[in-house]
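*Asks:* Data file query_39.pdb (PDB, C-alpha atoms) is appended below.
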ATOM      1  CA  MET A 124      11.303 -17.099  -3.468
ATOM      2  CA  LYS A 125      13.082 -14.245  -1.702
ATOM      3  CA  GLN A 126      10.474 -11.830  -3.061
ATOM      4  CA  SER A 127       7.617 -14.037  -1.865
ATOM      5  CA  LEU A 128       9.130 -14.104   1.616
ATOM      6  CA  ILE A 129       9.373 -10.308   1.666
ATOM      7  CA  ALA A 130       5.711 -10.061   0.582
ATOM      8  CA  LEU A 131       4.665 -12.583   3.241
ATOM      9  CA  LEU A 132       6.674 -10.746   5.908
ATOM     10  CA  SER A 133       5.039  -7.445   4.941
ATOM     11  CA  GLY A 134       1.588  -9.049   5.132
ATOM     12  CA  LEU A 135       2.333 -10.707   8.475
ATOM     13  CA  GLN A 136       3.612  -7.464   9.927
ATOM     14  CA  PHE A 137       0.597  -5.589   8.543
ATOM     15  CA  GLY A 138      -1.883  -8.095   9.992
ATOM     16  CA  ALA A 139      -0.103  -8.083  13.362
ATOM     17  CA  GLY A 140      -0.182  -4.275  13.389
ATOM     18  CA  LEU A 141      -3.913  -4.249  12.660
ATOM     19  CA  ALA A 142      -4.498  -6.706  15.509
ATOM     20  CA  VAL A 143      -2.391  -4.734  18.010
ATOM     21  CA  SER A 144      -3.882  -1.370  17.027
ATOM     22  CA  GLY A 145      -7.514  -2.284  17.668
ATOM     23  CA  MET A 146      -8.304  -1.742  13.987
ATOM     24  CA  ALA A 147      -9.240  -5.405  13.547
ATOM     25  CA  ASP A 148     -12.381  -4.487  15.499
ATOM     26  CA  PRO A 149     -15.078  -3.159  13.126
ATOM     27  CA  GLN A 150     -16.973  -1.671  16.064
ATOM     28  CA  ARG A 151     -13.947   0.435  17.045
ATOM     29  CA  VAL A 152     -13.384   1.618  13.477
ATOM     30  CA  GLN A 153     -17.043   2.533  13.135
ATOM     31  CA  ALA A 154     -16.823   4.387  16.473
ATOM     32  CA  PHE A 155     -14.073   6.588  14.954
ATOM     33  CA  LEU A 156     -16.509   7.545  12.199
ATOM     34  CA  ASP A 157     -19.284   8.136  14.745
ATOM     35  CA  LEU A 158     -18.782  11.811  15.563
ATOM     36  CA  THR A 159     -22.212  12.246  17.162
ATOM     37  CA  GLY A 160     -22.000   9.028  19.205
ATOM     38  CA  ALA A 161     -19.321   7.772  21.600
ATOM     39  CA  TRP A 162     -16.413   8.924  19.414
ATOM     40  CA  ASP A 163     -13.267   6.760  19.592
ATOM     41  CA  PRO A 164     -10.115   8.543  18.373
ATOM     42  CA  THR A 165      -7.941   5.385  18.261
ATOM     43  CA  LEU A 166      -7.822   5.292  14.449
ATOM     44  CA  ALA A 167      -6.142   8.710  14.400
ATOM     45  CA  PHE A 168      -3.300   7.325  16.544
ATOM     46  CA  VAL A 169      -2.941   4.364  14.194
ATOM     47  CA  MET A 170      -2.779   6.598  11.122
ATOM     48  CA  GLY A 171      -0.330   8.931  12.856
ATOM     49  CA  GLY A 172       1.870   6.022  13.920
ATOM     50  CA  ALA A 173       1.893   4.524  10.440
ATOM     51  CA  MET A 174       3.001   7.837   8.918
ATOM     52  CA  ILE A 175       6.336   7.788  10.783
ATOM     53  CA  PRO A 176       8.032   4.706   9.274
ATOM     54  CA  MET A 177       6.443   5.381   5.898
ATOM     55  CA  ALA A 178       7.575   9.011   5.716
ATOM     56  CA  LEU A 179      11.114   7.775   6.436
ATOM     57  CA  ALA A 180      10.711   4.987   3.876
ATOM     58  CA  TRP A 181       9.762   7.496   1.161
ATOM     59  CA  MET A 182      12.870   9.567   1.972
ATOM     60  CA  ILE A 183      15.040   6.450   1.687
ATOM     61  CA  GLN A 184      13.246   5.330  -1.470
ATOM     62  CA  ARG A 185      14.223   8.533  -3.279
ATOM     63  CA  ARG A 186      17.900   7.638  -2.810
ATOM     64  CA  MET A 187      17.533   4.037  -3.958
ATOM     65  CA  ALA A 188      18.061   2.879  -7.528
ATOM     66  CA  ALA A 189      16.143  -0.383  -7.066
ATOM     67  CA  PRO A 190      14.231  -2.238  -4.327
ATOM     68  CA  VAL A 191      16.226  -4.452  -1.931
ATOM     69  CA  GLY A 192      14.498  -7.583  -3.242
ATOM     70  CA  GLY A 193      15.366  -6.807  -6.854
ATOM     71  CA  GLY A 194      13.243  -5.648  -9.765
ATOM     72  CA  THR A 195      12.225  -2.028 -10.178
ATOM     73  CA  PHE A 196      10.058   0.456  -8.315
ATOM     74  CA  GLU A 197       6.499   0.140  -9.644
ATOM     75  CA  LEU A 198       4.782   3.144  -8.102
ATOM     76  CA  PRO A 199       1.540   4.865  -9.090
ATOM     77  CA  GLY A 200       1.415   8.504 -10.153
ATOM     78  CA  THR A 201       0.511  11.030  -7.506
ATOM     79  CA  SER A 202      -1.061  13.939  -9.311
ATOM     80  CA  ARG A 203      -4.081  12.820 -11.318
ATOM     81  CA  ILE A 204      -7.325  13.695  -9.539
ATOM     82  CA  ASP A 205     -10.342  12.772 -11.628
ATOM     83  CA  GLY A 206     -13.975  11.760 -11.282
ATOM     84  CA  ASN A 207     -13.150   8.078 -10.851
ATOM     85  CA  LEU A 208     -10.851   8.813  -7.928
ATOM     86  CA  ALA A 209     -13.391  11.090  -6.276
ATOM     87  CA  ILE A 210     -16.473   8.913  -6.790
ATOM     88  CA  GLY A 211     -14.562   5.752  -5.908
ATOM     89  CA  ALA A 212     -13.232   7.260  -2.678
ATOM     90  CA  LEU A 213     -16.676   8.610  -1.711
ATOM     91  CA  LEU A 214     -18.248   5.190  -2.335
ATOM     92  CA  PHE A 215     -15.500   3.437  -0.408
ATOM     93  CA  GLY A 216     -16.158   5.699   2.590
ATOM     94  CA  ILE A 217     -19.865   4.852   2.493
ATOM     95  CA  GLY A 218     -19.184   1.111   2.496
ATOM     96  CA  TRP A 219     -16.538   1.553   5.194
ATOM     97  CA  GLY A 220     -19.035   3.355   7.419
ATOM     98  CA  ILE A 221     -21.839   0.834   6.889
ATOM     99  CA  GLY A 222     -19.852  -2.172   8.087
ATOM    100  CA  GLY A 223     -16.926  -0.581   9.929
ATOM    101  CA  LEU A 224     -14.688  -2.609   7.629
ATOM    102  CA  CYS A 225     -12.099  -1.847   4.995
ATOM    103  CA  PRO A 226     -10.142  -4.498   3.067
ATOM    104  CA  GLY A 227      -7.115  -4.916   5.404
ATOM    105  CA  PRO A 228      -8.958  -5.552   8.670
ATOM    106  CA  ALA A 229     -11.546  -7.711   6.883
ATOM    107  CA  ILE A 230      -8.866 -10.050   5.539
ATOM    108  CA  ALA A 231      -6.902 -10.078   8.816
ATOM    109  CA  ASP A 232     -10.142 -10.926  10.659
ATOM    110  CA  LEU A 233     -10.382 -14.216   8.773
ATOM    111  CA  ALA A 234      -8.225 -15.457  11.673
ATOM    112  CA  ILE A 235     -10.446 -13.912  14.356
ATOM    113  CA  ALA A 236     -14.067 -14.026  13.157
ATOM    114  CA  PRO A 237     -13.948 -16.161  10.014
ATOM    115  CA  VAL A 238     -17.655 -16.316   9.112
ATOM    116  CA  SER A 239     -18.336 -12.580   9.373
ATOM    117  CA  ALA A 240     -15.030 -11.680   7.722
ATOM    118  CA  ALA A 241     -15.627 -14.097   4.862
ATOM    119  CA  THR A 242     -19.143 -12.703   4.359
ATOM    120  CA  PHE A 243     -17.752  -9.196   3.931
ATOM    121  CA  ILE A 244     -14.864 -10.363   1.725
ATOM    122  CA  ALA A 245     -17.169 -12.375  -0.566
ATOM    123  CA  ALA A 246     -19.325  -9.280  -1.121
ATOM    124  CA  MET A 247     -16.191  -7.133  -1.579
ATOM    125  CA  LEU A 248     -14.864  -9.430  -4.311
ATOM    126  CA  VAL A 249     -18.254  -9.292  -6.064
ATOM    127  CA  GLY A 250     -18.059  -5.499  -5.904
ATOM    128  CA  MET A 251     -14.526  -5.570  -7.309
ATOM    129  CA  ALA A 252     -15.563  -7.898 -10.115
ATOM    130  CA  ALA A 253     -18.574  -5.674 -10.865
ATOM    131  CA  HIS A 254     -16.198  -2.767 -11.478
ATOM    132  CA  LYS A 255     -14.674  -4.703 -14.344
ATOM    133  CA  LEU A 256     -18.044  -4.611 -16.122
ATOM    134  CA  ILE A 257     -17.821  -0.832 -16.520
ATOM    135  CA  PRO A 258     -16.479   0.090 -19.948
ATOM    136  CA  GLN A 259     -13.069   1.681 -19.358
TER     137      GLN A 259
ATOM    138  CA  MET B 471      -2.884   4.276  28.953
ATOM    139  CA  ILE B 472      -6.189   6.154  29.021
ATOM    140  CA  LEU B 473      -6.945   9.222  26.967
ATOM    141  CA  PRO B 474      -8.755  11.840  29.077
ATOM    142  CA  GLY B 475     -12.358  12.080  27.940
ATOM    143  CA  TYR B 476     -12.187   8.892  25.854
ATOM    144  CA  PRO B 477     -12.081   5.948  28.287
ATOM    145  CA  ASP B 478     -12.556   3.352  25.539
ATOM    146  CA  ALA B 479      -9.796   4.619  23.233
ATOM    147  CA  LEU B 480      -6.513   2.730  22.886
ATOM    148  CA  PRO B 481      -4.002   5.501  22.148
ATOM    149  CA  LEU B 482      -0.865   3.500  22.998
ATOM    150  CA  GLN B 483      -1.925   0.299  21.245
ATOM    151  CA  GLY B 484      -3.077   2.421  18.324
ATOM    152  CA  LEU B 485       0.283   4.147  18.069
ATOM    153  CA  ILE B 486       2.288   0.904  18.400
ATOM    154  CA  GLY B 487       0.027  -0.932  15.940
ATOM    155  CA  GLY B 488       0.249   2.044  13.595
ATOM    156  CA  LEU B 489       4.059   1.977  13.724
ATOM    157  CA  MET B 490       3.890  -1.758  12.905
ATOM    158  CA  ILE B 491       1.583  -1.105   9.953
ATOM    159  CA  GLY B 492       3.877   1.657   8.707
ATOM    160  CA  LEU B 493       6.858  -0.685   8.981
ATOM    161  CA  ALA B 494       4.930  -3.336   7.022
ATOM    162  CA  ALA B 495       4.243  -0.839   4.248
ATOM    163  CA  ALA B 496       7.914   0.239   4.353
ATOM    164  CA  ILE B 497       9.004  -3.394   3.893
ATOM    165  CA  MET B 498       6.802  -3.612   0.801
ATOM    166  CA  LEU B 499       8.043  -0.289  -0.586
ATOM    167  CA  LEU B 500      11.772  -0.723  -0.001
ATOM    168  CA  GLY B 501      11.835  -4.516  -0.360
ATOM    169  CA  LEU B 502       9.663  -4.975  -3.442
ATOM    170  CA  GLY B 503       9.194  -1.441  -4.764
ATOM    171  CA  ARG B 504       5.423  -1.544  -4.474
ATOM    172  CA  ILE B 505       2.559   0.044  -2.557
ATOM    173  CA  ALA B 506       1.133  -2.080   0.279
ATOM    174  CA  GLY B 507      -2.437  -1.324  -0.723
ATOM    175  CA  VAL B 508      -4.693  -4.094   0.500
ATOM    176  CA  SER B 509      -7.544  -3.537  -1.980
ATOM    177  CA  GLY B 510      -5.158  -3.621  -4.936
ATOM    178  CA  MET B 511      -3.306  -6.638  -3.581
ATOM    179  CA  ALA B 512      -6.588  -8.480  -2.917
ATOM    180  CA  ALA B 513      -7.765  -7.792  -6.461
ATOM    181  CA  ARG B 514      -4.401  -8.911  -7.858
ATOM    182  CA  ALA B 515      -4.284 -12.045  -5.650
ATOM    183  CA  THR B 516      -7.731 -13.178  -6.815
ATOM    184  CA  GLY B 517      -7.034 -12.368 -10.447
ATOM    185  CA  ILE B 518      -9.756  -9.699 -10.520
ATOM    186  CA  GLY B 519      -7.184  -6.955 -10.989
ATOM    187  CA  GLY B 520      -4.200  -6.784 -13.291
ATOM    188  CA  GLY B 521      -1.088  -4.720 -12.879
ATOM    189  CA  SER B 522       2.637  -5.258 -12.629
ATOM    190  CA  THR B 523       2.681  -7.107  -9.292
ATOM    191  CA  PRO B 524       3.179 -10.864  -9.819
ATOM    192  CA  GLN B 525       0.096 -12.736  -8.573
ATOM    193  CA  GLY B 526       2.224 -14.929  -6.291
ATOM    194  CA  LEU B 527       3.547 -11.899  -4.421
ATOM    195  CA  ALA B 528       0.042 -10.517  -3.944
ATOM    196  CA  ILE B 529      -1.126 -13.890  -2.620
ATOM    197  CA  ALA B 530       1.830 -14.074  -0.188
ATOM    198  CA  PHE B 531       1.017 -10.589   1.148
ATOM    199  CA  ILE B 532      -2.714 -11.331   1.508
ATOM    200  CA  VAL B 533      -2.094 -14.681   3.247
ATOM    201  CA  GLY B 534       0.193 -12.884   5.701
ATOM    202  CA  LEU B 535      -2.612 -10.610   6.960
ATOM    203  CA  PRO B 536      -4.679 -13.232   8.846
ATOM    204  CA  LEU B 537      -1.494 -15.067   9.882
ATOM    205  CA  GLY B 538      -0.179 -11.890  11.514
ATOM    206  CA  ALA B 539      -3.481 -11.318  13.315
ATOM    207  CA  MET B 540      -3.515 -14.980  14.396
ATOM    208  CA  ILE B 541      -0.019 -14.720  15.887
ATOM    209  CA  ILE B 542      -1.041 -11.699  17.986
ATOM    210  CA  ASN B 543      -4.288 -13.431  19.004
ATOM    211  CA  LEU B 544      -2.499 -16.606  20.120
ATOM    212  CA  LEU B 545       0.750 -15.255  21.539
ATOM    213  CA  VAL B 546       0.111 -11.701  22.749
ATOM    214  CA  ALA B 547      -3.505 -11.007  23.650
ATOM    215  CA  PRO B 548      -6.966 -11.981  22.415
ATOM    216  CA  VAL B 549      -7.912  -9.749  19.485
ATOM    217  CA  GLU B 550     -11.303  -8.110  19.814
ATOM    218  CA  ALA B 551     -13.481  -7.972  16.712
ATOM    219  CA  THR B 552     -17.145  -7.123  17.189
ATOM    220  CA  PHE B 553     -18.947  -7.388  13.866
ATOM    221  CA  PRO B 554     -22.447  -6.140  13.029
ATOM    222  CA  ALA B 555     -24.948  -8.741  14.247
ATOM    223  CA  SER B 556     -26.813  -8.838  10.929
ATOM    224  CA  PRO B 557     -25.103  -9.982   7.709
ATOM    225  CA  TRP B 558     -26.654  -7.093   5.751
ATOM    226  CA  PRO B 559     -24.165  -4.377   6.708
ATOM    227  CA  LEU B 560     -21.376  -6.816   5.827
ATOM    228  CA  LEU B 561     -22.877  -7.651   2.437
ATOM    229  CA  ILE B 562     -23.866  -4.108   1.468
ATOM    230  CA  GLY B 563     -20.710  -2.569   2.942
ATOM    231  CA  GLY B 564     -18.548  -5.200   1.260
ATOM    232  CA  LEU B 565     -20.112  -4.653  -2.164
ATOM    233  CA  ILE B 566     -19.653  -0.884  -1.995
ATOM    234  CA  VAL B 567     -16.113  -1.160  -0.595
ATOM    235  CA  GLY B 568     -15.136  -3.571  -3.374
ATOM    236  CA  PHE B 569     -16.534  -1.395  -6.157
ATOM    237  CA  GLY B 570     -15.364   1.900  -4.654
ATOM    238  CA  THR B 571     -11.782   0.803  -3.993
ATOM    239  CA  ARG B 572     -11.384  -0.371  -7.594
ATOM    240  CA  LEU B 573     -12.899   2.806  -9.028
ATOM    241  CA  GLY B 574     -10.873   5.006  -6.665
ATOM    242  CA  SER B 575      -7.685   2.914  -6.969
ATOM    243  CA  GLY B 576      -7.163   2.338  -3.269
ATOM    244  CA  CYS B 577      -8.335   2.229   0.305
ATOM    245  CA  THR B 578      -7.146   3.134   3.805
ATOM    246  CA  SER B 579      -3.779   1.409   3.284
ATOM    247  CA  GLY B 580      -2.851   2.451  -0.256
ATOM    248  CA  HIS B 581      -4.203   6.014  -0.214
ATOM    249  CA  GLY B 582      -4.249   6.491   3.566
ATOM    250  CA  VAL B 583      -0.990   5.012   4.859
ATOM    251  CA  CYS B 584       1.179   4.885   1.735
ATOM    252  CA  GLY B 585      -0.144   7.858  -0.249
ATOM    253  CA  MET B 586      -0.532  10.388   2.567
ATOM    254  CA  SER B 587       3.000   9.698   3.861
ATOM    255  CA  ARG B 588       4.202  10.385   0.293
ATOM    256  CA  LEU B 589       2.209  13.636   0.299
ATOM    257  CA  SER B 590       0.567  12.454  -2.913
ATOM    258  CA  PRO B 591      -2.122  15.020  -3.831
ATOM    259  CA  ARG B 592      -4.195  12.209  -5.346
ATOM    260  CA  SER B 593      -4.107  10.167  -2.131
ATOM    261  CA  LEU B 594      -4.645  13.198   0.116
ATOM    262  CA  MET B 595      -7.782  13.974  -1.904
ATOM    263  CA  ALA B 596      -8.980  10.346  -1.827
ATOM    264  CA  THR B 597      -8.403  10.073   1.927
ATOM    265  CA  ALA B 598     -10.212  13.348   2.618
ATOM    266  CA  LEU B 599     -13.173  12.131   0.547
ATOM    267  CA  PHE B 600     -13.496   8.649   2.015
ATOM    268  CA  MET B 601     -13.097  10.009   5.537
ATOM    269  CA  ALA B 602     -15.794  12.616   4.849
ATOM    270  CA  SER B 603     -18.233  10.099   3.365
ATOM    271  CA  GLY B 604     -17.461   7.650   6.187
ATOM    272  CA  PHE B 605     -18.297  10.307   8.797
ATOM    273  CA  ALA B 606     -21.442  11.274   6.881
ATOM    274  CA  THR B 607     -22.589   7.672   6.471
ATOM    275  CA  VAL B 608     -22.228   6.797  10.154
ATOM    276  CA  GLY B 609     -23.804  10.146  11.078
ATOM    277  CA  LEU B 610     -26.814   9.343   8.895
ATOM    278  CA  MET B 611     -27.028   5.838  10.351
ATOM    279  CA  ARG B 612     -27.148   7.454  13.825
ATOM    280  CA  LEU B 613     -29.849   9.868  12.718
ATOM    281  CA  GLY B 614     -31.857   7.071  11.142
ATOM    282  CA  GLY B 615     -31.594   4.942  14.268
ATOM    283  CA  VAL B 616     -29.689   2.157  12.482
ATOM    284  CA  LEU B 617     -26.805   2.370  14.946
TER     285      LEU B 617
END
Show this structure as structure tokens.
*Replies:*
Amino acid sequence: MKQSLIALLSGLQFGAGLAVSGMADPQRVQAFLDLTGAWDPTLAFVMGGAMIPMALAWMIQRRMAAPVGGGTFELPGTSRIDGNLAIGALLFGIGWGIGGLCPGPAIADLAIAPVSAATFIAAMLVGMAAHKLIPQ
Amino acid sequence: MILPGYPDALPLQGLIGGLMIGLAAAIMLLGLGRIAGVSGMAARATGIGGGSTPQGLAIAFIVGLPLGAMIINLLVAPVEATFPASPWPLLIGGLIVGFGTRLGSGCTSGHGVCGMSRLSPRSLMATALFMASGFATVGLMRLGGVL
């Protein structure tokens, strides 16, 4: 229960941050990627802002034995760079550019533009499910 | 606040919203010991992806995203969201984003926000690559007259 509330709070805060930052607007995100058009640097401010609390959080995390909500730290490795990472990231960037949408803003936009957001999310889930068909 | 040369940019809102997003990811990291990566959480919430995160926690996080945006939209200021007019960019973009984020183990939140602030070489590489292909894709769309 306590853990679910922490997860909900994190999601709420994340969605609110996306809405405040302008990143819920696919057109604005796409304009950041549009170097030869009317470039919009807003996304760089968002990324820069997000780095500050998270850099502090990583420093605090190193001194903690366990998360506040209980359980253990379940964190991915940081060093392995392989073909899957590279091809996956390159593909993600292509899809991001085409629609101006990545997963966070798309899901947050269910509250703002439900039909368009749901269209993107439905296709995204199909893409995610398709990945499972690849032999690991 | 207006950024000289970029009248449409929102530097202050971007910075404040970014701080809020960073705090959200910090709550997930220090509160539950996990990465606030939206693609991974979405896959886990829907049962498409496995992993150590309990499905209920992933669902709670994912449900919070539109609720947070709704609160800002209702109580603070209307949230702008201009989507492509045609469904095709949404469908094609969505498919590629879904596949790519699973193959590459993350997106703008997991690799971008959480991984870069950790100075994870893996996430720095992923972010550099998806930024580069994003720039190239929109550049090609400009050249091709699609934008």
*Asks:* Contacts of stretch 254-259 of chain A at 10 Å or less, counting only C-alpha atoms, minus same-chain residues fewer than 5 places along, as number ranges by chain?
*Replies:* A: 248-249; B: 518-519, 568-573
*Asks:* Generate the output file for the selected residues, C-alpha atoms, as a compact mmCIF listing (two decimals), keeping the file's coordinate frame.
*Replies:*
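And here is the file that came out, out.txt:
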# COMPACT_ATOMS: atom_id res chain seq x y z
CA LEU A 248 -14.86 -9.43 -4.31
CA VAL A 249 -18.25 -9.29 -6.06
CA ILE B 518 -9.76 -9.70 -10.52
CA GLY B 519 -7.18 -6.96 -10.99
CA GLY B 568 -15.14 -3.57 -3.37
CA PHE B 569 -16.53 -1.40 -6.16
CA GLY B 570 -15.36 1.90 -4.65
CA THR B 571 -11.78 0.80 -3.99
CA ARG B 572 -11.38 -0.37 -7.59
CA LEU B 573 -12.90 2.81 -9.03
*Asks:* Could you please give me, as a ChimeraX atom specification, the residues of protein, DNA or RNA lying at most 7 Å from (-12.0, 1.9, 21.6) in the coordinate frame of the file, considering only C-alpha atoms?
*Replies:* /A:151,163,165 /B:478-480
*Asks:* Would you work out the distance separating atom CA of A:Gly140 from atom CA of B:Ile491, expressed in Å to one decimal?
*Replies:* 5.0 Å
*Asks:* Can you give me, as a list of chain:residue names, the residues this file yields under the PyMOL selection byres ((chain A and resi 160) around 12)?
*Replies:*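 Applied to this file, the PyMOL selection byres ((chain A and resi 160) around 12) selects A:Arg151, A:Gln153, A:Ala154, A:Phe155, A:Leu156, A:Asp157, A:Leu158, A:Thr159, A:Ala161, A:Trp162, A:Asp163, A:Pro164, B:Tyr476, B:Phe605, B:Val608, B:Gly609, B:Leu610, B:Met611, B:Arg612, B:Leu613, B:Gly615, B:Leu617.
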*Asks:* Can I get the selected residues back with C-alpha atoms, as an mmCIF file, in the frame of the given file?
*Replies:*
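What ended up in result.cif:
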data_model
loop_
_atom_site.group_PDB
_atom_site.id
_atom_site.type_symbol
_atom_site.label_atom_id
_atom_site.label_comp_id
_atom_site.auth_asym_id
_atom_site.auth_seq_id
_atom_site.Cartn_x
_atom_site.Cartn_y
_atom_site.Cartn_z
ATOM 1 C CA ARG A 151 -13.947 0.435 17.045
ATOM 2 C CA GLN A 153 -17.043 2.533 13.135
ATOM 3 C CA ALA A 154 -16.823 4.387 16.473
ATOM 4 C CA PHE A 155 -14.073 6.588 14.954
ATOM 5 C CA LEU A 156 -16.509 7.545 12.199
ATOM 6 C CA ASP A 157 -19.284 8.136 14.745
ATOM 7 C CA LEU A 158 -18.782 11.811 15.563
ATOM 8 C CA THR A 159 -22.212 12.246 17.162
ATOM 9 C CA ALA A 161 -19.321 7.772 21.600
ATOM 10 C CA TRP A 162 -16.413 8.924 19.414
ATOM 11 C CA ASP A 163 -13.267 6.760 19.592
ATOM 12 C CA PRO A 164 -10.115 8.543 18.373
ATOM 13 C CA TYR B 476 -12.187 8.892 25.854
ATOM 14 C CA PHE B 605 -18.297 10.307 8.797
ATOM 15 C CA VAL B 608 -22.228 6.797 10.154
ATOM 16 C CA GLY B 609 -23.804 10.146 11.078
ATOM 17 C CA LEU B 610 -26.814 9.343 8.895
ATOM 18 C CA MET B 611 -27.028 5.838 10.351
ATOM 19 C CA ARG B 612 -27.148 7.454 13.825
ATOM 20 C CA LEU B 613 -29.849 9.868 12.718
ATOM 21 C CA GLY B 615 -31.594 4.942 14.268
ATOM 22 C CA LEU B 617 -26.805 2.370 14.946
#
*Asks:* Take the PyMOL selection byres ((chain A and resi 209) around 9), apply it to the structure above, and return the hits as a ChimeraX atom specification.
*Replies:* /A:204-208,210-214 /B:573-574,595-596,599-600
*Asks:* Could you name the residues that touch stretch 225-230 of chain A at 6 Å or less, counting only C-alpha atoms, but leaving out those on the same chain fewer than 5 positions away, as JSON, numbers by chain?
*Replies:* {"A": [147, 219, 240], "B": [508, 509]}
*Asks:* Which centre and edge lengths in Å to one decimal define the box along x, y and z that fits every listed atom of stretch 216-229 of chain A plus 5 Å per side, as lines of an AutoDock Vina configuration file?
*Replies:*
center_x = -14.5
center_y = -1.0
center_z = 6.2
size_x = 24.7
size_y = 23.4
size_z = 17.4
*Asks:* Would you list the contacts of A:Val169 as a PyMOL selection string, taking every protein, DNA or RNA residue within 9 Å and counting only C-alpha atoms, but skipping same-chain residues closer than 6 positions in sequence?
*Replies:* (chain A and resi 141+144-146) or (chain B and resi 481+483-489+491)
*Asks:* Would you mind listing what lies within 10 Å of B:Trp558 as JSON, numbers by chain, with only C-alpha atoms counted and same-chain residues fewer than 4 positions away left out?
*Replies:* {"A": [221, 222, 242, 243], "B": [554, 562, 563, 564]}
*Asks:* A:Gly134: which residues within 10 Å, counting only C-alpha atoms, same-chain residues fewer than 5 positions away excluded, as a PyMOL selection string?
*Replies:* (chain A and resi 128-129+139-140+227+231) or (chain B and resi 491+494-495+497-498+506+508+528-539)
*Asks:* Evaluate the PyMOL selection byres ((chain B and resi 552) around 10) against this structure - the residues, as a list in words, please.
*Replies:*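 Checked against the file, the PyMOL selection byres ((chain B and resi 552) around 10) matches Ala147, Asp148, Pro149, Gln150, Arg151, Gly223, Ile235, Ala236 and Ser239 of chain A; Val549, Glu550, Ala551, Phe553, Pro554 and Ala555 of chain B.
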*Asks:* What is the atom CA of B:Ser593 to atom CA of B:Met490 distance in Å?
*Replies:* 20.8 Å
*Asks:* Hey, which of B:Gly503, B:Thr597, B:Ala547, B:Pro557 ends up closest to chain A? Count all atoms listed in the file.
*Replies:*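 The answer is B:Gly503, which sits nearest to chain A.
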*Asks:* Give the answer as one residue: which of B:Gly501, B:Gly614, B:Pro559, B:Gly492 has the shortest atom-to-atom distance to A:Gln126, using all atoms listed in the file?
*Replies:* B:Gly501
